[in-house]
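Below: target39.txt (compact mmCIF, C-alpha atoms)
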# COMPACT_ATOMS: atom_id res chain seq x y z
CA MET A 624 0.00 0.00 0.00
CA ASN A 625 1.46 3.37 -0.95
CA PRO A 626 1.80 6.08 1.74
CA ALA A 627 -0.89 8.37 0.28
CA ALA A 628 -3.52 5.62 0.26
CA HIS A 629 -2.50 4.59 3.76
CA SER A 630 -2.90 8.09 5.21
CA ALA A 631 -6.24 8.45 3.40
CA SER A 632 -7.55 5.22 4.94
CA LEU A 633 -6.22 6.34 8.34
CA ALA A 634 -8.12 9.64 8.04
CA GLU A 635 -11.22 7.67 7.04
CA ALA A 636 -10.88 5.47 10.11
CA ILE A 637 -10.48 8.49 12.39
CA VAL A 638 -13.58 10.19 10.92
CA PHE A 639 -15.53 6.94 11.28
CA ALA A 640 -14.42 6.53 14.90
CA ILE A 641 -15.43 10.11 15.82
CA LEU A 642 -18.83 9.84 14.11
CA GLY A 643 -19.54 6.35 15.47
CA ALA A 644 -18.60 7.43 18.99
CA GLY A 645 -20.88 10.47 18.59
CA VAL A 646 -23.80 8.29 17.49
CA LEU A 647 -23.40 5.85 20.38
CA ALA A 648 -22.65 8.52 23.03
CA GLY A 649 -25.70 10.51 21.94
CA GLY A 650 -27.86 7.38 22.06
CA LEU A 651 -26.58 6.38 25.49
CA MET A 652 -27.14 9.89 26.86
CA THR A 653 -30.66 9.89 25.40
CA ILE A 654 -31.68 6.85 27.41
CA THR A 655 -29.83 7.84 30.61
CA ARG A 656 -30.76 11.55 31.03
CA ARG A 657 -33.36 12.22 33.69
CA ASN A 658 -34.40 15.52 32.14
CA PRO A 659 -36.30 15.00 28.82
CA VAL A 660 -34.86 18.23 27.36
CA SER A 661 -31.30 16.90 27.75
CA ALA A 662 -32.48 13.62 26.24
CA VAL A 663 -33.81 15.43 23.15
CA MET A 664 -30.58 17.39 22.76
CA SER A 665 -28.53 14.17 23.03
CA LEU A 666 -30.77 12.65 20.38
CA VAL A 667 -30.00 15.62 18.09
CA LEU A 668 -26.27 14.97 18.61
CA SER A 669 -26.75 11.28 17.83
CA PHE A 670 -28.72 11.99 14.64
CA ALA A 671 -26.28 14.66 13.44
CA ALA A 672 -23.38 12.21 13.81
CA LEU A 673 -25.50 9.57 12.06
CA ALA A 674 -25.97 11.97 9.13
CA GLY A 675 -22.17 12.19 8.96
CA LEU A 676 -21.95 8.38 8.84
CA PHE A 677 -24.51 8.38 5.99
CA ALA A 678 -22.29 10.84 4.11
CA THR A 679 -19.27 8.54 4.51
CA LEU A 680 -21.40 5.77 2.97
CA SER A 681 -21.82 8.14 -0.04
CA ALA A 682 -25.53 8.42 0.76
CA HIS A 683 -25.55 12.19 0.26
CA PHE A 684 -29.29 12.55 -0.28
CA LEU A 685 -30.14 10.52 2.83
CA ALA A 686 -27.57 12.44 4.91
CA VAL A 687 -29.27 15.75 4.07
CA LEU A 688 -32.69 14.20 4.69
CA GLN A 689 -31.50 12.88 8.05
CA ILE A 690 -30.57 16.42 9.13
CA LEU A 691 -33.75 17.97 7.72
CA VAL A 692 -36.29 15.37 8.84
CA TYR A 693 -34.82 13.89 12.03
CA ALA A 694 -32.59 16.58 13.54
CA GLY A 695 -34.96 19.26 12.24
CA ALA A 696 -38.63 18.40 12.03
CA ILE A 697 -39.00 15.42 14.37
CA MET A 698 -36.79 16.97 17.06
CA VAL A 699 -38.78 20.23 16.98
CA LEU A 700 -41.91 18.13 17.50
CA PHE A 701 -40.28 16.39 20.47
CA VAL A 702 -39.11 19.69 22.00
CA PHE A 703 -42.61 21.15 21.73
CA VAL A 704 -44.20 18.13 23.41
CA VAL A 705 -41.51 18.08 26.12
CA MET A 706 -42.29 21.71 26.85
CA MET A 707 -46.02 20.94 27.04
CA VAL A 708 -45.87 17.88 29.28
CA ASN A 709 -42.59 18.30 31.15
CA ARG A 710 -42.93 16.82 34.61
CA GLU A 711 -40.42 15.78 37.23
CA GLU A 712 -39.86 12.06 37.08
CA THR A 713 -40.06 10.19 40.33
CA THR A 714 -39.05 6.74 39.06
CA PRO A 715 -37.36 7.12 35.66
CA VAL A 716 -36.38 3.47 35.42
CA ALA A 717 -38.82 0.60 35.37
CA ARG A 718 -39.16 -1.70 38.35
CA GLN A 719 -36.59 -4.41 37.82
CA GLY A 720 -38.61 -7.58 37.79
CA LEU A 721 -37.03 -10.97 37.27
CA VAL A 722 -38.64 -11.31 33.84
CA MET A 723 -37.26 -7.96 32.66
CA ARG A 724 -33.79 -8.81 33.91
CA ALA A 725 -33.89 -12.16 32.11
CA ALA A 726 -35.13 -10.47 28.91
CA GLY A 727 -32.35 -7.88 29.14
CA VAL A 728 -29.65 -10.51 29.64
CA LEU A 729 -31.04 -12.56 26.73
CA ALA A 730 -31.16 -9.51 24.43
CA ALA A 731 -27.62 -8.43 25.36
CA GLY A 732 -26.35 -11.98 24.87
CA TYR A 733 -27.97 -12.16 21.43
CA VAL A 734 -26.43 -8.82 20.41
CA PHE A 735 -22.95 -9.92 21.52
CA TYR A 736 -23.41 -13.25 19.71
CA ARG A 737 -24.32 -11.38 16.51
CA ALA A 738 -21.41 -8.95 16.91
CA ALA A 739 -18.98 -11.84 17.37
CA TRP A 740 -20.51 -13.54 14.33
CA LEU A 741 -19.97 -10.40 12.25
CA VAL A 742 -16.36 -9.96 13.31
CA GLY A 743 -15.69 -13.66 12.78
CA HIS A 744 -17.14 -13.60 9.26
CA GLU A 745 -15.61 -10.41 7.96
CA ARG A 746 -12.87 -12.40 6.24
CA THR A 747 -15.14 -15.01 4.74
CA LEU A 748 -18.10 -12.90 3.62
CA PRO A 749 -17.03 -10.49 0.86
CA LEU A 750 -20.20 -8.47 1.42
CA LEU A 751 -19.22 -7.61 5.00
CA ALA A 752 -15.63 -6.75 4.10
CA ALA A 753 -16.51 -4.51 1.15
CA SER A 754 -15.23 -1.01 1.84
CA ALA A 755 -15.13 0.84 -1.47
CA THR A 756 -17.81 3.01 -2.96
CA PRO A 757 -19.49 0.99 -5.73
CA PRO A 758 -18.61 1.97 -9.29
CA VAL A 759 -22.13 3.19 -10.00
CA LYS A 760 -22.45 6.61 -11.56
CA ASP A 761 -23.92 9.26 -9.20
CA PHE A 762 -24.30 6.73 -6.37
CA GLY A 763 -26.58 8.14 -3.68
CA THR A 764 -27.16 11.59 -5.16
CA VAL A 765 -30.53 13.33 -5.20
CA ALA A 766 -30.82 12.82 -8.96
CA SER A 767 -30.21 9.07 -9.02
CA VAL A 768 -32.20 8.19 -5.88
CA GLY A 769 -34.99 10.51 -7.04
CA ALA A 770 -35.05 8.88 -10.47
CA LEU A 771 -35.43 5.49 -8.77
CA LEU A 772 -38.20 6.85 -6.51
CA PHE A 773 -40.22 8.16 -9.43
CA SER A 774 -39.79 5.11 -11.66
CA ASP A 775 -39.62 1.72 -9.92
CA PHE A 776 -40.97 2.90 -6.57
CA LEU A 777 -43.65 5.32 -7.73
CA PHE A 778 -46.54 3.43 -6.12
CA PRO A 779 -44.85 3.04 -2.68
CA PHE A 780 -43.88 6.72 -2.87
CA GLU A 781 -47.49 7.78 -3.40
CA ALA A 782 -48.63 5.32 -0.70
CA ILE A 783 -46.19 6.86 1.78
CA SER A 784 -47.56 10.33 1.08
CA LEU A 785 -51.04 8.96 1.84
CA LEU A 786 -49.65 7.43 5.06
CA LEU A 787 -48.23 10.79 6.12
CA LEU A 788 -51.59 12.44 5.41
CA VAL A 789 -53.33 9.82 7.56
CA ALA A 790 -50.77 10.40 10.34
CA VAL A 791 -51.36 14.16 10.25
CA ILE A 792 -55.15 13.75 10.39
CA GLY A 793 -54.80 11.18 13.18
CA ALA A 794 -52.54 13.47 15.22
CA VAL A 795 -54.99 16.36 14.85
CA MET A 796 -57.94 14.14 15.83
CA LEU A 797 -56.12 12.74 18.87
CA THR A 798 -55.11 16.11 20.30
CA ARG A 799 -58.30 17.99 19.44
CA HIS A 800 -60.58 19.44 22.12
CA PHE A 801 -64.13 18.16 21.96
CA HIS A 802 -66.36 21.00 23.08
CA GLU A 803 -69.47 18.80 23.40
CA SER A 804 -68.13 17.48 26.70
CA GLY A 805 -67.19 20.95 27.86
CA PRO A 806 -63.82 22.66 27.58
CA ARG A 807 -61.05 20.76 29.26
CA VAL A 808 -58.45 22.33 31.44
CA SER A 809 -55.05 22.14 29.83
CA MET B 432 -14.45 1.58 6.20
CA PRO B 433 -15.63 -1.99 5.70
CA THR B 434 -19.32 -2.75 5.91
CA TYR B 435 -19.08 -4.76 9.10
CA ALA B 436 -17.88 -1.68 11.03
CA TYR B 437 -21.09 0.13 10.08
CA ILE B 438 -23.16 -2.93 10.93
CA LEU B 439 -21.51 -3.10 14.37
CA VAL B 440 -22.40 0.56 15.03
CA SER B 441 -25.94 -0.13 13.82
CA LEU B 442 -26.19 -3.17 16.10
CA ALA B 443 -24.95 -1.21 19.12
CA LEU B 444 -27.34 1.67 18.38
CA PHE B 445 -30.27 -0.74 18.05
CA PHE B 446 -29.33 -2.31 21.38
CA VAL B 447 -29.17 1.12 23.05
CA GLY B 448 -32.65 1.89 21.67
CA THR B 449 -34.02 -1.46 22.85
CA ALA B 450 -32.57 -0.88 26.33
CA GLY B 451 -34.29 2.51 26.39
CA VAL B 452 -37.65 1.00 25.43
CA PHE B 453 -37.32 -1.71 28.09
CA LEU B 454 -35.92 0.38 30.93
CA ARG B 455 -37.37 3.87 30.74
CA ARG B 456 -40.88 4.65 31.95
CA ASN B 457 -41.29 8.15 30.52
CA ALA B 458 -43.36 7.77 27.34
CA LEU B 459 -41.38 10.54 25.61
CA ILE B 460 -38.04 8.82 26.23
CA VAL B 461 -39.52 5.52 25.03
CA LEU B 462 -40.59 7.22 21.78
CA MET B 463 -37.08 8.64 21.37
CA SER B 464 -35.65 5.15 21.89
CA VAL B 465 -37.92 3.82 19.14
CA GLU B 466 -36.52 6.56 16.88
CA LEU B 467 -33.01 5.33 17.76
CA GLN B 468 -33.99 1.79 16.74
CA LEU B 469 -35.38 3.01 13.41
CA ALA B 470 -32.24 5.07 12.77
CA ALA B 471 -30.10 1.98 13.43
CA GLY B 472 -32.14 0.11 10.82
CA THR B 473 -31.60 2.94 8.35
CA LEU B 474 -27.84 2.78 8.91
CA ALA B 475 -27.80 -0.97 8.23
CA LEU B 476 -29.84 -0.47 5.03
CA LEU B 477 -27.42 2.16 3.76
CA ALA B 478 -24.32 0.11 4.66
CA PHE B 479 -25.58 -2.96 2.77
CA SER B 480 -26.74 -0.72 -0.06
CA ARG B 481 -23.15 0.46 -0.54
CA ALA B 482 -21.74 -3.06 -0.20
CA LEU B 483 -24.11 -4.36 -2.90
CA GLY B 484 -23.83 -1.28 -5.11
CA ASP B 485 -27.61 -1.14 -5.23
CA GLN B 486 -29.40 2.15 -4.64
CA ARG B 487 -32.71 0.52 -3.77
CA GLY B 488 -31.44 0.44 -0.17
CA HIS B 489 -31.48 4.24 -0.24
CA VAL B 490 -35.12 4.21 -1.33
CA PHE B 491 -36.00 1.88 1.54
CA ALA B 492 -34.09 4.11 3.98
CA PHE B 493 -36.16 7.01 2.66
CA PHE B 494 -39.35 5.07 3.39
CA VAL B 495 -38.12 4.18 6.90
CA MET B 496 -37.55 7.89 7.52
CA ALA B 497 -41.06 8.80 6.36
CA ILE B 498 -42.58 6.08 8.55
CA ALA B 499 -40.51 7.29 11.52
CA ALA B 500 -41.92 10.80 11.00
CA ALA B 501 -45.48 9.47 10.88
CA GLU B 502 -44.87 7.32 13.97
CA ALA B 503 -43.43 10.28 15.89
CA ALA B 504 -46.41 12.49 14.99
CA VAL B 505 -49.02 9.93 16.08
CA GLY B 506 -47.04 8.78 19.13
CA LEU B 507 -46.55 12.32 20.40
CA ALA B 508 -50.24 13.06 19.80
CA VAL B 509 -51.12 10.04 21.96
CA VAL B 510 -48.71 11.25 24.68
CA VAL B 511 -50.28 14.73 24.66
CA SER B 512 -53.79 13.32 24.71
CA VAL B 513 -53.00 10.94 27.60
CA PHE B 514 -51.29 13.75 29.51
CA ARG B 515 -54.35 15.94 29.09
CA THR B 516 -56.66 13.45 30.77
CA ARG B 517 -54.29 11.71 33.22
CA ARG B 518 -51.70 14.44 34.01
CA THR B 519 -48.88 11.93 33.60
CA THR B 520 -46.49 10.61 30.95
CA SER B 521 -45.37 7.62 33.00
CA LEU B 522 -46.16 4.33 31.30
CA ASP B 523 -46.53 2.57 34.66
CA GLU B 524 -49.53 4.74 35.53
CA VAL B 525 -51.32 4.22 32.21
CA ASN B 526 -52.29 0.60 32.80
CA ASP B 527 -56.10 0.50 32.65
CA LEU B 528 -56.03 -2.26 30.02
CA LYS B 529 -53.88 -4.48 32.23
CA GLY B 530 -55.71 -7.71 33.18
Any chance you could give the structure as structure tokens?
Amino acid sequence: MNPAAHSASLAEAIVFAILGAGVLAGGLMTITRRNPVSAVMSLVLSFAALAGLFATLSAHFLAVLQILVYAGAIMVLFVFVVMMVNREETTPVARQGLVMRAAGVLAAGYVFYRAAWLVGHERTLPLLAASATPPVKDFGTVASVGALLFSDFLFPFEAISLLLLVAVIGAVMLTRHFHESGPRVS
Amino acid sequence: MPTYAYILVSLALFFVGTAGVFLRRNALIVLMSVELQLAAGTLALLAFSRALGDQRGHVFAFFVMAIAAAEAAVGLAVVVSVFRTRRTTSLDEVNDLKG
């Protein structure tokens, strides 16, 4: 391996390590913070780092969407609801029953089994060891993903817009005041 | 970076989200943990999409993102509506359907 390629792959590894650590640290802080506002802010950190990981996978369109949709729209929604319903938590963590402990140990064991399987198979499975960007023209750009969306996936695309409409109407119906039963205190 | 590195991050993120769903009792934090799980799935889709050189993974990641947005909207509406009648967001106190 020539020195230029080696330093490039080293820089790539450093960027990956920083972004991956950001994703996992943000996720861990999300589920450990007692204050929901800190949890939302940690989630924003996690999703921003995840957008960086998407960019390193040459998924440029999805990286921008991740920032716009997750770190933008969904997080604003969460912040609004946190401000509306923010209450001090008395018991943030569930009561630790025997069943929950067993389920947690089983889930963790399964995850570690899968991780060991992945690391063990990276040499034998070419799919898992692949590291180069595929030689497809315009891989992951808005133009090529958009062309795919509006040709092969036109029907699912229209169906998803209908799903979003249904979700909006459902959210409005769920949070609406019904004046027949008198105005509620809020 | 090789694909398995991304899959390991995705696996760890999914586990963090699952732990949040199991352990936390605040409905808002549980919803955030579900978002973490969905984001981990998106990362795995994109990693395999690059490994296979097939952009259909990107389209599926796009759909996962749209479904996550819809799920967040409806889930947060349910949280607000429950809070309005019960004055709580704790999942342990919303157990009227429990046998």
With a distance threshold of 6 Å and counting only C-alpha atoms, extract the residues of chain B near chain A and express them as a PDB file with C-alpha atoms, keeping the file's coordinate frame.
ATOM      1  CA  MET B 432     -14.450   1.580   6.200  1.00  0.00           C
ATOM      2  CA  PRO B 433     -15.630  -1.990   5.700  1.00  0.00           C
ATOM      3  CA  THR B 434     -19.320  -2.750   5.910  1.00  0.00           C
ATOM      4  CA  TYR B 435     -19.080  -4.760   9.100  1.00  0.00           C
ATOM      5  CA  GLY B 451     -34.290   2.510  26.390  1.00  0.00           C
ATOM      6  CA  LEU B 454     -35.920   0.380  30.930  1.00  0.00           C
ATOM      7  CA  ARG B 455     -37.370   3.870  30.740  1.00  0.00           C
ATOM      8  CA  ARG B 456     -40.880   4.650  31.950  1.00  0.00           C
ATOM      9  CA  ALA B 482     -21.740  -3.060  -0.200  1.00  0.00           C
ATOM     10  CA  GLY B 484     -23.830  -1.280  -5.110  1.00  0.00           C
ATOM     11  CA  ALA B 501     -45.480   9.470  10.880  1.00  0.00           C
ATOM     12  CA  VAL B 505     -49.020   9.930  16.080  1.00  0.00           C
ATOM     13  CA  ALA B 508     -50.240  13.060  19.800  1.00  0.00           C
ATOM     14  CA  SER B 512     -53.790  13.320  24.710  1.00  0.00           C
TER      15      SER B 512
END
*Quick one, how far is atom CA of B:Thr449 from atom CA of B:Thr473?*
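The value is 15.3 Å.
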*Distance of atom CA of A:Leu777 from atom CA of B:Leu507, expressed in Å to one decimal place*: 29.1 Å
*Counting only C-alpha atoms, the residue of B:Val509, B:Leu483, B:Leu467, B:Ala492 that sits nearest A:Val667*: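 Closest to A:Val667 of all the choices is B:Leu467.
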*d(atom CA of B:Ala470, atom CA of B:Phe514) in Å*: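 So the answer is 26.8 Å.
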*Neighbours of point (-48.4, 7.8, 34.6) within 10 Å, using only C-alpha atoms, written as a list in words*: Glu712 of chain A; Arg456, Asn457, Ala458, Val513, Phe514, Arg517, Arg518, Thr519, Thr520, Ser521, Leu522, Asp523, Glu524, Val525 and Asn526 of chain B
Because the input lacks atoms here, generate N, CA, C and O atoms for stretch 763-777 of chain A and report them as a PDB file, keeping the file's coordinate frame.
ATOM      1  N   GLY A 763     -26.060   7.498  -4.872  1.00  0.00           N
ATOM      2  CA  GLY A 763     -26.580   8.140  -3.680  1.00  0.00           C
ATOM      3  C   GLY A 763     -26.886   9.622  -3.814  1.00  0.00           C
ATOM      4  O   GLY A 763     -27.182  10.267  -2.822  1.00  0.00           O
ATOM      5  N   THR A 764     -26.830  10.173  -5.025  1.00  0.00           N
ATOM      6  CA  THR A 764     -27.160  11.590  -5.160  1.00  0.00           C
ATOM      7  C   THR A 764     -28.667  11.775  -5.266  1.00  0.00           C
ATOM      8  O   THR A 764     -29.428  10.813  -5.440  1.00  0.00           O
ATOM      9  N   VAL A 765     -29.100  13.029  -5.125  1.00  0.00           N
ATOM     10  CA  VAL A 765     -30.530  13.330  -5.200  1.00  0.00           C
ATOM     11  C   VAL A 765     -31.082  12.877  -6.542  1.00  0.00           C
ATOM     12  O   VAL A 765     -32.170  12.289  -6.620  1.00  0.00           O
ATOM     13  N   ALA A 766     -30.322  13.123  -7.618  1.00  0.00           N
ATOM     14  CA  ALA A 766     -30.820  12.820  -8.960  1.00  0.00           C
ATOM     15  C   ALA A 766     -31.055  11.326  -9.130  1.00  0.00           C
ATOM     16  O   ALA A 766     -32.127  10.898  -9.575  1.00  0.00           O
ATOM     17  N   SER A 767     -30.066  10.495  -8.727  1.00  0.00           N
ATOM     18  CA  SER A 767     -30.210   9.070  -9.020  1.00  0.00           C
ATOM     19  C   SER A 767     -31.231   8.403  -8.085  1.00  0.00           C
ATOM     20  O   SER A 767     -32.037   7.585  -8.524  1.00  0.00           O
ATOM     21  N   VAL A 768     -31.214   8.775  -6.781  1.00  0.00           N
ATOM     22  CA  VAL A 768     -32.200   8.190  -5.880  1.00  0.00           C
ATOM     23  C   VAL A 768     -33.599   8.682  -6.247  1.00  0.00           C
ATOM     24  O   VAL A 768     -34.577   7.924  -6.228  1.00  0.00           O
ATOM     25  N   GLY A 769     -33.691   9.973  -6.639  1.00  0.00           N
ATOM     26  CA  GLY A 769     -34.990  10.510  -7.040  1.00  0.00           C
ATOM     27  C   GLY A 769     -35.516   9.843  -8.292  1.00  0.00           C
ATOM     28  O   GLY A 769     -36.712   9.550  -8.389  1.00  0.00           O
ATOM     29  N   ALA A 770     -34.620   9.559  -9.247  1.00  0.00           N
ATOM     30  CA  ALA A 770     -35.050   8.880 -10.470  1.00  0.00           C
ATOM     31  C   ALA A 770     -35.608   7.493 -10.153  1.00  0.00           C
ATOM     32  O   ALA A 770     -36.611   7.060 -10.721  1.00  0.00           O
ATOM     33  N   LEU A 771     -34.944   6.809  -9.180  1.00  0.00           N
ATOM     34  CA  LEU A 771     -35.430   5.490  -8.770  1.00  0.00           C
ATOM     35  C   LEU A 771     -36.796   5.609  -8.084  1.00  0.00           C
ATOM     36  O   LEU A 771     -37.706   4.794  -8.305  1.00  0.00           O
ATOM     37  N   LEU A 772     -36.946   6.646  -7.245  1.00  0.00           N
ATOM     38  CA  LEU A 772     -38.200   6.850  -6.510  1.00  0.00           C
ATOM     39  C   LEU A 772     -39.369   7.076  -7.461  1.00  0.00           C
ATOM     40  O   LEU A 772     -40.480   6.606  -7.205  1.00  0.00           O
ATOM     41  N   PHE A 773     -39.114   7.808  -8.538  1.00  0.00           N
ATOM     42  CA  PHE A 773     -40.220   8.160  -9.430  1.00  0.00           C
ATOM     43  C   PHE A 773     -40.361   7.213 -10.596  1.00  0.00           C
ATOM     44  O   PHE A 773     -41.141   7.472 -11.502  1.00  0.00           O
ATOM     45  N   SER A 774     -39.567   6.095 -10.607  1.00  0.00           N
ATOM     46  CA  SER A 774     -39.790   5.110 -11.660  1.00  0.00           C
ATOM     47  C   SER A 774     -40.232   3.777 -11.053  1.00  0.00           C
ATOM     48  O   SER A 774     -41.419   3.458 -11.056  1.00  0.00           O
ATOM     49  N   ASP A 775     -39.289   3.051 -10.439  1.00  0.00           N
ATOM     50  CA  ASP A 775     -39.620   1.720  -9.920  1.00  0.00           C
ATOM     51  C   ASP A 775     -40.482   1.796  -8.670  1.00  0.00           C
ATOM     52  O   ASP A 775     -41.280   0.903  -8.401  1.00  0.00           O
ATOM     53  N   PHE A 776     -40.303   2.850  -7.867  1.00  0.00           N
ATOM     54  CA  PHE A 776     -40.970   2.900  -6.570  1.00  0.00           C
ATOM     55  C   PHE A 776     -42.034   3.987  -6.535  1.00  0.00           C
ATOM     56  O   PHE A 776     -42.290   4.576  -5.485  1.00  0.00           O
ATOM     57  N   LEU A 777     -42.672   4.244  -7.681  1.00  0.00           N
ATOM     58  CA  LEU A 777     -43.650   5.320  -7.730  1.00  0.00           C
ATOM     59  C   LEU A 777     -44.860   5.007  -6.837  1.00  0.00           C
ATOM     60  O   LEU A 777     -45.324   5.857  -6.073  1.00  0.00           O
TER      61      LEU A 777
END
